[in-house]
file start_7.cif (mmCIF, C-alpha atoms)
data_input
#
loop_
_atom_site.label_atom_id
_atom_site.label_comp_id
_atom_site.auth_asym_id
_atom_site.auth_seq_id
_atom_site.Cartn_x
_atom_site.Cartn_y
_atom_site.Cartn_z
CA MET A 1 0.00 0.00 0.00
CA GLU A 2 1.29 3.45 -0.92
CA PHE A 3 0.79 6.32 1.53
CA ARG A 4 0.48 9.96 0.57
CA GLN A 5 0.51 13.25 2.44
CA LEU A 6 -2.99 14.66 2.87
CA GLY A 7 -1.96 18.13 1.74
CA SER A 8 -1.44 20.51 4.65
CA ALA A 9 -3.62 18.41 6.97
CA GLY A 10 -0.49 17.08 8.65
CA PHE A 11 -0.81 13.32 8.21
CA GLN A 12 -0.44 10.59 5.60
CA VAL A 13 -3.24 8.33 4.39
CA SER A 14 -3.39 5.21 2.24
CA SER A 15 -3.61 6.09 -1.44
CA LEU A 16 -6.49 3.63 -1.64
CA GLY A 17 -9.23 4.63 0.79
CA LEU A 18 -12.78 3.38 1.10
CA GLY A 19 -16.13 4.95 0.39
CA THR A 20 -18.85 3.43 2.54
CA GLU A 21 -22.10 4.35 0.81
CA TYR A 22 -22.62 0.85 -0.59
CA LEU A 23 -22.61 -0.58 2.92
CA ILE A 24 -25.65 1.47 3.90
CA GLY A 25 -28.47 -0.91 4.79
CA ALA A 26 -26.21 -3.95 5.01
CA PRO A 27 -26.37 -6.24 8.07
CA ARG A 28 -24.24 -5.12 11.00
CA GLU A 29 -21.97 -8.17 10.84
CA HIS A 30 -21.38 -7.63 7.12
CA ILE A 31 -20.38 -3.99 7.64
CA ILE A 32 -17.95 -4.91 10.40
CA ARG A 33 -16.40 -7.67 8.31
CA VAL A 34 -15.78 -5.42 5.27
CA ILE A 35 -14.36 -2.55 7.32
CA ARG A 36 -12.02 -4.76 9.33
CA GLU A 37 -10.79 -6.52 6.20
CA ALA A 38 -10.03 -3.12 4.68
CA ILE A 39 -8.03 -2.17 7.78
CA LYS A 40 -6.23 -5.51 7.67
CA GLN A 41 -5.21 -4.69 4.09
CA GLN A 42 -3.71 -1.35 5.25
CA ILE A 43 -6.51 0.96 4.12
CA THR A 44 -6.41 3.86 6.58
CA TYR A 45 -8.79 6.49 5.15
CA PHE A 46 -12.59 6.06 5.28
CA ASP A 47 -15.28 8.45 4.06
CA LEU A 48 -18.33 8.39 6.34
CA PHE A 49 -21.06 10.74 5.15
CA CYS A 50 -24.09 8.64 6.11
CA ALA A 51 -25.87 9.70 9.30
CA ASN A 52 -28.20 6.70 9.63
CA PRO A 53 -28.00 5.70 13.31
CA ALA A 54 -27.88 1.93 12.72
CA PHE A 55 -25.17 2.39 10.09
CA ARG A 56 -23.14 4.59 12.44
CA ASP A 57 -23.49 2.10 15.29
CA ALA A 58 -22.16 -0.73 13.11
CA MET A 59 -19.31 1.43 11.85
CA GLY A 60 -18.50 2.54 15.37
CA GLU A 61 -18.15 -1.07 16.45
CA ALA A 62 -16.02 -1.89 13.40
CA PHE A 63 -13.56 0.93 14.07
CA ALA A 64 -13.49 0.81 17.88
CA PRO A 65 -10.34 -1.34 18.29
CA TYR A 66 -8.52 0.50 15.48
CA ARG A 67 -9.38 4.19 16.00
CA SER A 68 -5.74 5.27 16.37
CA GLN A 69 -4.81 3.48 13.13
CA VAL A 70 -7.42 5.03 10.82
CA TYR A 71 -8.50 8.42 9.52
CA LEU A 72 -12.21 9.17 9.48
CA GLY A 73 -13.88 11.71 7.22
CA ALA A 74 -17.16 13.09 8.64
CA HIS A 75 -19.59 15.43 6.89
CA LEU A 76 -21.04 18.50 8.57
CA GLY A 77 -24.55 18.97 7.22
CA ALA A 78 -25.29 15.35 6.31
CA ILE A 79 -28.25 14.13 8.38
CA ASP A 80 -30.79 11.34 8.52
CA CYS A 81 -34.43 12.23 7.92
CA ASP A 82 -36.88 9.41 8.67
CA GLY A 83 -34.36 6.85 7.44
CA GLN A 84 -33.33 8.78 4.33
CA TYR A 85 -30.25 10.85 3.58
CA ASP A 86 -30.73 14.60 3.75
CA LYS A 87 -28.52 17.64 4.12
CA THR A 88 -28.99 20.74 6.22
CA ARG A 89 -27.38 24.11 6.87
CA ASP A 90 -29.27 24.59 10.11
CA ILE A 91 -26.61 25.08 12.78
CA PRO A 92 -28.42 23.32 15.67
CA SER A 93 -29.02 20.32 13.39
CA CYS A 94 -25.39 20.32 12.26
CA LYS A 95 -24.29 20.31 15.90
CA LEU A 96 -26.73 17.54 16.80
CA TRP A 97 -25.57 15.18 14.08
CA PHE A 98 -21.90 15.99 14.66
CA GLU A 99 -22.29 15.05 18.33
CA ASP A 100 -24.16 11.93 17.22
CA PHE A 101 -21.17 11.00 15.03
CA MET A 102 -18.76 11.41 17.93
CA THR A 103 -20.92 9.31 20.23
CA ARG A 104 -21.62 6.45 17.83
CA TYR A 105 -18.03 6.30 16.55
CA HIS A 106 -16.66 6.30 20.13
CA THR A 107 -14.24 9.14 19.40
CA ASP A 108 -13.58 12.68 20.56
CA TYR A 109 -12.30 13.96 17.21
CA VAL A 110 -12.68 13.48 13.46
CA ASP A 111 -9.71 13.58 11.12
CA VAL A 112 -11.38 15.49 8.29
CA LEU A 113 -14.63 17.39 8.76
CA PHE A 114 -16.23 18.20 5.41
CA LEU A 115 -18.50 21.07 4.57
CA HIS A 116 -20.90 18.71 2.89
CA ASN A 117 -22.14 18.59 -0.71
CA ILE A 118 -22.02 22.22 -1.81
CA ASP A 119 -22.68 22.88 -5.50
CA GLU A 120 -24.89 25.95 -5.87
CA GLN A 121 -23.52 29.46 -5.40
CA CYS A 122 -26.30 30.41 -3.00
CA ASP A 123 -25.54 27.35 -0.89
CA TYR A 124 -21.84 28.17 -0.87
CA ASP A 125 -22.56 31.75 0.18
CA ALA A 126 -24.76 30.56 3.06
CA VAL A 127 -22.20 28.04 4.30
CA MET A 128 -19.31 30.52 4.17
CA ALA A 129 -21.22 33.49 5.57
CA PRO A 130 -20.55 34.64 9.16
CA GLY A 131 -22.43 32.30 11.47
CA GLY A 132 -22.67 29.63 8.77
CA SER A 133 -21.55 26.03 9.02
CA ASN A 134 -17.99 26.92 7.99
CA ASP A 135 -17.68 28.98 11.16
CA LEU A 136 -18.92 25.98 13.14
CA ALA A 137 -16.41 23.69 11.43
CA GLN A 138 -13.56 26.10 12.12
CA GLU A 139 -14.57 26.26 15.78
CA TYR A 140 -14.46 22.47 15.97
CA ARG A 141 -10.96 22.61 14.47
CA ARG A 142 -9.81 25.15 17.06
CA GLN A 143 -11.21 22.91 19.80
CA GLY A 144 -9.25 19.93 18.43
CA ARG A 145 -12.43 18.06 17.57
CA ALA A 146 -11.60 18.23 13.85
CA ARG A 147 -8.00 17.86 12.68
CA ALA A 148 -8.63 19.27 9.21
CA ILE A 149 -11.49 20.99 7.37
CA GLY A 150 -12.57 19.74 3.97
CA PHE A 151 -15.10 20.67 1.30
CA SER A 152 -17.14 18.21 -0.78
CA GLY A 153 -18.92 19.08 -4.00
CA HIS A 154 -19.46 18.29 -7.65
CA THR A 155 -19.18 21.74 -9.23
CA VAL A 156 -15.86 23.31 -10.16
CA SER A 157 -16.97 26.88 -9.48
CA THR A 158 -17.88 26.45 -5.81
CA SER A 159 -15.03 24.03 -5.12
CA LEU A 160 -12.53 26.47 -6.61
CA GLN A 161 -13.83 29.25 -4.39
CA ALA A 162 -13.43 27.01 -1.36
CA VAL A 163 -9.85 26.14 -2.31
CA GLU A 164 -8.97 29.79 -2.90
CA SER A 165 -10.62 30.90 0.35
CA GLY A 166 -7.85 29.40 2.46
CA GLN A 167 -10.50 27.88 4.75
CA ILE A 168 -9.96 24.23 3.76
CA SER A 169 -7.06 21.82 3.45
CA VAL A 170 -8.90 18.94 1.76
CA LEU A 171 -11.22 18.84 -1.26
CA MET A 172 -13.44 15.87 -2.08
CA PHE A 173 -14.43 15.88 -5.76
CA PRO A 174 -15.52 13.36 -8.43
CA ILE A 175 -12.61 12.21 -10.58
CA ASN A 176 -12.94 9.37 -13.07
CA LEU A 177 -12.18 8.47 -16.66
CA ALA A 178 -15.58 9.69 -17.80
CA CYS A 179 -15.03 13.12 -16.29
CA ASN A 180 -12.05 13.60 -18.60
CA THR A 181 -14.33 13.77 -21.62
CA VAL A 182 -16.22 16.82 -20.35
CA ILE A 183 -13.43 18.94 -18.91
CA ASN A 184 -13.73 21.38 -21.79
CA GLN A 185 -17.43 20.85 -22.49
CA ALA A 186 -19.31 24.13 -22.29
CA GLY A 187 -21.89 24.18 -19.54
CA SER A 188 -20.60 21.10 -17.73
CA THR A 189 -20.19 21.23 -13.96
CA LEU A 190 -16.79 19.60 -14.54
CA ALA A 191 -15.47 22.12 -17.05
CA GLY A 192 -12.21 23.48 -15.65
CA LEU A 193 -11.36 20.41 -13.60
CA HIS A 194 -7.70 20.56 -14.54
CA ASP A 195 -7.48 24.18 -13.39
CA LEU A 196 -9.14 23.20 -10.11
CA LEU A 197 -6.62 20.44 -9.49
CA ARG A 198 -3.67 22.69 -10.33
CA THR A 199 -4.95 25.29 -7.90
CA CYS A 200 -5.22 22.61 -5.21
CA ALA A 201 -1.61 21.63 -5.82
CA GLN A 202 -0.44 25.23 -5.68
CA ARG A 203 -2.25 25.89 -2.39
CA GLY A 204 -1.41 22.63 -0.66
CA VAL A 205 -5.01 21.39 -0.67
CA ALA A 206 -5.21 17.60 -0.89
CA VAL A 207 -7.79 16.06 -3.20
CA ILE A 208 -9.82 13.01 -2.28
CA ALA A 209 -11.12 11.47 -5.51
CA MET A 210 -14.68 10.22 -5.15
CA LYS A 211 -16.79 8.28 -7.67
CA PRO A 212 -13.77 6.71 -9.42
CA TYR A 213 -16.09 4.19 -11.12
CA ALA A 214 -18.70 6.83 -12.05
CA GLY A 215 -21.27 5.12 -9.87
CA GLY A 216 -20.33 1.75 -11.36
CA GLN A 217 -21.10 2.79 -14.92
CA LEU A 218 -17.48 2.36 -15.98
CA LEU A 219 -17.29 -1.17 -14.56
CA ALA A 220 -20.54 -2.42 -16.07
CA PRO A 221 -21.69 0.17 -18.61
CA THR A 222 -25.42 0.74 -18.68
CA GLN A 223 -25.41 2.23 -22.17
CA PRO A 224 -25.24 0.08 -25.33
CA GLY A 225 -21.87 0.40 -27.00
CA SER A 226 -19.96 1.32 -23.86
CA GLN A 227 -17.00 -0.83 -22.87
CA PRO A 228 -16.33 -1.98 -19.27
CA VAL A 229 -13.17 -0.77 -17.57
CA SER A 230 -11.33 -2.65 -14.82
CA PRO A 231 -11.34 -1.25 -11.28
CA VAL A 232 -7.53 -1.13 -11.43
CA LYS A 233 -7.51 1.18 -14.46
CA CYS A 234 -10.21 3.41 -12.93
CA LEU A 235 -8.22 3.79 -9.73
CA ALA A 236 -4.95 4.30 -11.59
CA TYR A 237 -6.49 7.19 -13.54
CA ALA A 238 -7.81 8.92 -10.41
CA LEU A 239 -4.53 8.50 -8.52
CA ALA A 240 -2.52 9.83 -11.45
CA GLN A 241 -4.24 13.21 -11.33
CA ILE A 242 -2.41 16.13 -9.81
CA ALA A 243 -3.00 16.83 -6.08
CA VAL A 244 -4.89 13.58 -5.49
CA ALA A 245 -3.91 12.02 -2.16
CA THR A 246 -6.38 9.15 -1.99
CA VAL A 247 -9.28 7.66 -3.90
CA VAL A 248 -12.40 6.29 -2.19
CA PRO A 249 -14.14 3.61 -4.26
CA GLY A 250 -17.40 2.33 -2.85
CA CYS A 251 -17.31 -1.40 -2.08
CA LYS A 252 -20.38 -3.33 -0.97
CA ASP A 253 -18.61 -6.57 -0.09
CA ILE A 254 -15.25 -8.32 0.25
CA GLU A 255 -15.23 -9.27 -3.42
CA GLN A 256 -15.49 -5.63 -4.51
CA LEU A 257 -12.92 -4.66 -1.89
CA ASP A 258 -10.51 -7.24 -3.28
CA ALA A 259 -11.10 -5.91 -6.81
CA ALA A 260 -10.07 -2.44 -5.63
CA LEU A 261 -7.11 -3.76 -3.63
CA ALA A 262 -5.84 -5.43 -6.80
CA TYR A 263 -4.56 -1.97 -7.71
CA THR A 264 -1.90 -2.20 -5.00
CA THR A 265 -0.20 -5.20 -6.64
CA ALA A 266 -1.07 -4.52 -10.28
CA SER A 267 1.61 -4.26 -12.95
CA GLU A 268 2.19 -1.12 -14.98
CA ALA A 269 0.43 -2.77 -17.90
CA GLU A 270 -2.60 -3.57 -15.77
CA ARG A 271 -2.70 0.03 -14.55
CA ASP A 272 -2.31 1.53 -18.03
CA TYR A 273 -5.58 3.37 -18.69
CA ALA A 274 -4.63 5.01 -22.01
CA GLN A 275 -6.82 2.76 -24.15
CA ALA A 276 -9.62 2.83 -21.60
CA LEU A 277 -9.62 6.62 -21.75
CA ALA A 278 -9.94 6.49 -25.50
CA ASP A 279 -12.77 3.96 -25.33
CA VAL A 280 -14.90 5.67 -22.68
CA LYS A 281 -18.20 6.84 -24.07
CA GLN A 282 -18.69 10.61 -24.17
CA TRP A 283 -20.02 11.60 -20.76
CA THR A 284 -22.90 14.03 -20.85
CA PRO A 285 -24.85 15.86 -18.17
CA GLY A 286 -27.89 13.83 -17.25
CA ASP A 287 -26.16 10.48 -16.64
CA CYS A 288 -27.04 9.16 -13.18
CA VAL A 289 -24.14 8.04 -10.97
CA TYR A 290 -26.49 6.67 -8.26
CA CYS A 291 -25.15 8.94 -5.49
CA ASN A 292 -28.59 9.57 -3.88
CA HIS A 293 -27.85 13.24 -3.30
CA CYS A 294 -31.35 13.70 -4.72
CA LEU A 295 -32.85 12.40 -1.46
CA PRO A 296 -34.94 12.66 0.65
CA CYS A 297 -37.91 11.58 -1.46
CA PRO A 298 -41.36 12.40 -0.01
CA SER A 299 -42.55 9.01 -1.29
CA GLY A 300 -39.66 7.14 0.31
CA ILE A 301 -38.21 5.96 -3.01
CA ASP A 302 -34.58 4.81 -3.08
CA ILE A 303 -34.03 6.76 -6.29
CA ALA A 304 -30.49 5.54 -6.96
CA ARG A 305 -31.55 1.91 -6.71
CA VAL A 306 -34.48 2.42 -9.07
CA MET A 307 -32.25 4.28 -11.53
CA ARG A 308 -29.64 1.53 -11.45
CA LEU A 309 -32.23 -1.18 -12.11
CA TYR A 310 -33.75 0.87 -14.92
CA ASP A 311 -30.37 1.46 -16.57
CA GLN A 312 -29.55 -2.25 -16.29
CA SER A 313 -32.89 -3.08 -17.86
CA GLN A 314 -32.00 -1.04 -20.92
CA LEU A 315 -29.32 -3.57 -21.72
CA ALA A 316 -31.38 -6.62 -20.85
CA LEU A 317 -34.62 -6.80 -18.90
CA THR A 318 -34.10 -10.00 -16.90
CA PRO A 319 -36.37 -11.75 -14.38
CA GLU A 320 -33.75 -10.97 -11.71
CA ILE A 321 -34.00 -7.22 -12.37
CA GLN A 322 -37.79 -7.37 -12.29
CA SER A 323 -37.66 -9.39 -9.08
CA GLN A 324 -35.36 -6.87 -7.38
CA TYR A 325 -37.65 -4.05 -8.48
CA SER A 326 -40.80 -5.79 -7.26
CA GLN A 327 -39.22 -6.26 -3.81
CA LEU A 328 -38.75 -2.52 -3.29
CA ASP A 329 -41.07 -1.10 -0.66
CA ASP A 330 -41.45 2.07 -2.72
CA ASN A 331 -40.73 2.24 -6.43
CA ALA A 332 -41.16 4.43 -9.50
CA ASP A 333 -44.94 3.98 -9.44
CA ASP A 334 -44.94 5.92 -6.16
CA CYS A 335 -43.30 9.01 -7.69
CA VAL A 336 -45.48 12.12 -7.21
CA GLN A 337 -43.36 14.16 -9.67
CA CYS A 338 -42.63 16.89 -7.13
CA GLY A 339 -39.29 17.64 -8.81
CA ALA A 340 -37.39 18.17 -5.54
CA CYS A 341 -34.95 15.42 -6.54
CA GLU A 342 -34.04 17.23 -9.76
CA GLU A 343 -33.31 20.43 -7.87
CA ARG A 344 -30.84 18.57 -5.65
CA CYS A 345 -29.17 16.47 -8.36
CA PRO A 346 -25.55 17.58 -9.04
CA PHE A 347 -25.55 15.96 -12.49
CA GLY A 348 -28.72 17.31 -14.13
CA VAL A 349 -30.51 13.96 -14.26
CA PRO A 350 -34.15 14.22 -15.48
CA VAL A 351 -35.33 12.10 -12.57
CA VAL A 352 -39.08 12.54 -13.04
CA GLU A 353 -38.94 11.53 -16.70
CA ARG A 354 -36.76 8.52 -15.96
CA MET A 355 -39.08 7.46 -13.14
CA GLU A 356 -41.94 7.38 -15.67
CA HIS A 357 -39.87 5.17 -17.98
CA ALA A 358 -38.79 2.95 -15.09
CA ALA A 359 -42.39 2.47 -13.96
CA ALA A 360 -43.45 1.48 -17.47
CA ASN A 361 -40.48 -0.82 -18.12
CA LEU A 362 -40.00 -2.54 -14.77
CA ARG A 363 -43.58 -3.02 -13.63
CA THR A 364 -44.37 -6.76 -13.51
#
call {"tool": "encode", "arguments": {"input": "start_7.cif", "output": "structure tokens"}}
result
Amino acid sequence: MEFRQLGSAGFQVSSLGLGTEYLIGAPREHIIRVIREAIKQQITYFDLFCANPAFRDAMGEAFAPYRSQVYLGAHLGAIDCDGQYDKTRDIPSCKLWFEDFMTRYHTDYVDVLFLHNIDEQCDYDAVMAPGGSNDLAQEYRRQGRARAIGFSGHTVSTSLQAVESGQISVLMFPINLACNTVINQAGSTLAGLHDLLRTCAQRGVAVIAMKPYAGGQLLAPTQPGSQPVSPVKCLAYALAQIAVATVVPGCKDIEQLDAALAYTTASEAERDYAQALADVKQWTPGDCVYCNHCLPCPSGIDIARVMRLYDQSQLALTPEIQSQYSQLDDNADDCVQCGACEERCPFGVPVVERMEHAAANLRT
């Protein structure tokens, strides 16, 4: 395992970290097993945005014997709302869920505290305004309850402002092979990515690369004509980008964890992503990466799961896909077309329209 300096944060982390979103909803024993295997394999950085109490309790148990050996990334503003992900800028709520994190993770500090999921200019302005959640984060840092302050987002413009503000030492941003195709695409939220990364390098801000598989679309393309890419090549691309300290692939089980860990022993040929970069289908705004930042849904729909099943069905509508869809407590038929999900989506996905198609295609 390679270890890299986390910018000016003052400590080194494993170049291969772990995103934990795909463990949400898994049995407690399963979560503990995956996390402890990751630690055994020298993964030291873990991104922990989910505020679900049961999830946090399982994670807290998994990390308890190893707290001094790992680095935990918490997200200020990520909360749980009736069992669904939500975000808030309400200071009392931010404090409540931060304290909840500390209690359930059995710790008195976090290693990186992120200003969570900020893409719109108005949201950025509110977070960074006097009395906003940035002030709260900075106070936690002064108290020693947060070792470093980070910023997570999907839009170059707000992320660049955060980097240039001097208020953060870590940036969490999507970096994957597909992103490369839209760096110069007018109107894309990722236009100017190279400039953002160069600015991070110049200012000593470490980059944590999220979504290295583009929500899994690179590994098992959901569009006809797309070619699958190996996890090793996806991770090699992300880690080759300037200022990147670690990459956090999401792994739902030991098998997926092993596929990511294969990067650490891969040959140069296995890591060579040149041809993969040439083969990647043009990425356009509107492609879902199943991040669930569109939640909460008033109908209780797990939007990312429905979207994934729908995209898979476009390649081949199998009985297994229909069975998985039919087992959902709430599905596309329950969509009330309120549009709130589209307002929250960082990638411009036409959620309501795709829910209509999913309902028509997946209904048994």
call {"tool": "residues_around", "arguments": {"input": "start_7.cif", "residues": "Tyr85 (chain A)", "least_positions_apart": "4", "cutoff": "9 Å", "atoms": "all atoms listed in the file", "output": "list of chain:residue names"}}
result
A:Cys50, A:Ala51, A:Asn52, A:Ala78, A:Ile79, A:Asp80, A:Cys81, A:Asn292, A:His293, A:Cys294, A:Leu295, A:Pro296
call {"tool": "residues_around", "arguments": {"input": "start_7.cif", "residues": "Glu164 (chain A)", "least_positions_apart": "5", "cutoff": "10 Å", "atoms": "all atoms listed in the file", "output": "ChimeraX atom specification"}}
result
/A:158-159,196,199-200,203,205
call {"tool": "resolve_selection", "arguments": {"input": "start_7.cif", "expression": "the PyMOL selection byres ((chain A and resi 212) around 10)", "output": "PyMOL selection string"}}
result
chain A and resi 173-179+209-211+213-218+231+233-239+247-250
call {"tool": "residues_around", "arguments": {"input": "start_7.cif", "residues": "region 17-32 of chain A", "least_positions_apart": "6", "cutoff": "7 Å", "atoms": "all atoms listed in the file", "output": "MDAnalysis selection string"}}
result
chainID A and resid 43:48 55 58:59 62 246:252
call {"tool": "closest_residue", "arguments": {"input": "start_7.cif", "among": "A:Leu171, A:Ala359, A:Ile321, A:Ala146", "to": "Ala206 (chain A)", "atoms": "only C-alpha atoms"}}
result
A:Leu171
call {"tool": "resolve_selection", "arguments": {"input": "start_7.cif", "expression": "the PyMOL selection byres ((chain A and resi 328-333) around 8)", "output": "list in words"}}
result
Ser299, Gly300, Ile301, Asp302, Val306, Gln324, Tyr325, Ser326, Gln327, Asp334, Cys335, Met355, Glu356, Ala358 and Ala359 of chain A
call {"tool": "resolve_selection", "arguments": {"input": "start_7.cif", "expression": "the PyMOL selection byres ((chain A and resi 8) around 9)", "output": "count of residues only"}}
result
13
call {"tool": "residues_near_point", "arguments": {"input": "start_7.cif", "point": "(-5.6, 1.9, 14.6)", "cutoff": "12 Å", "atoms": "all atoms listed in the file", "output": "number ranges by chain"}}
result
A: 36, 38-40, 42-45, 62-72
call {"tool": "atom_distance", "arguments": {"input": "start_7.cif", "atom1": "CA of Ala260 (chain A)", "atom2": "CA of Leu113 (chain A)"}}
result
24.9 Å
call {"tool": "residues_near_point", "arguments": {"input": "start_7.cif", "point": "(-13.7, 16.6, 3.9)", "cutoff": "7 Å", "atoms": "all atoms listed in the file", "output": "ChimeraX atom specification"}}
result
/A:73-75,112-115,149-152,170-172
call {"tool": "atom_distance", "arguments": {"input": "start_7.cif", "atom1": "CA of His357 (chain A)", "atom2": "CA of Ser323 (chain A)"}}
result
17.2 Å
call {"tool": "residues_around", "arguments": {"input": "start_7.cif", "residues": "Arg147 (chain A)", "least_positions_apart": "6", "cutoff": "7 Å", "atoms": "all atoms listed in the file", "output": "list in words"}}
result
Val110, Asp111, Val112 and Arg141 of chain A
call {"tool": "closest_residue", "arguments": {"input": "start_7.cif", "among": "A:Leu219, A:Asp90, A:Met1, A:Tyr124", "to": "Ala266 (chain A)", "atoms": "all atoms listed in the file"}}
result
A:Met1
call {"tool": "closest_residue", "arguments": {"input": "start_7.cif", "among": "A:Gln12, A:Thr107, A:Thr155, A:Ser133", "to": "Thr88 (chain A)", "atoms": "all atoms listed in the file"}}
result
A:Ser133
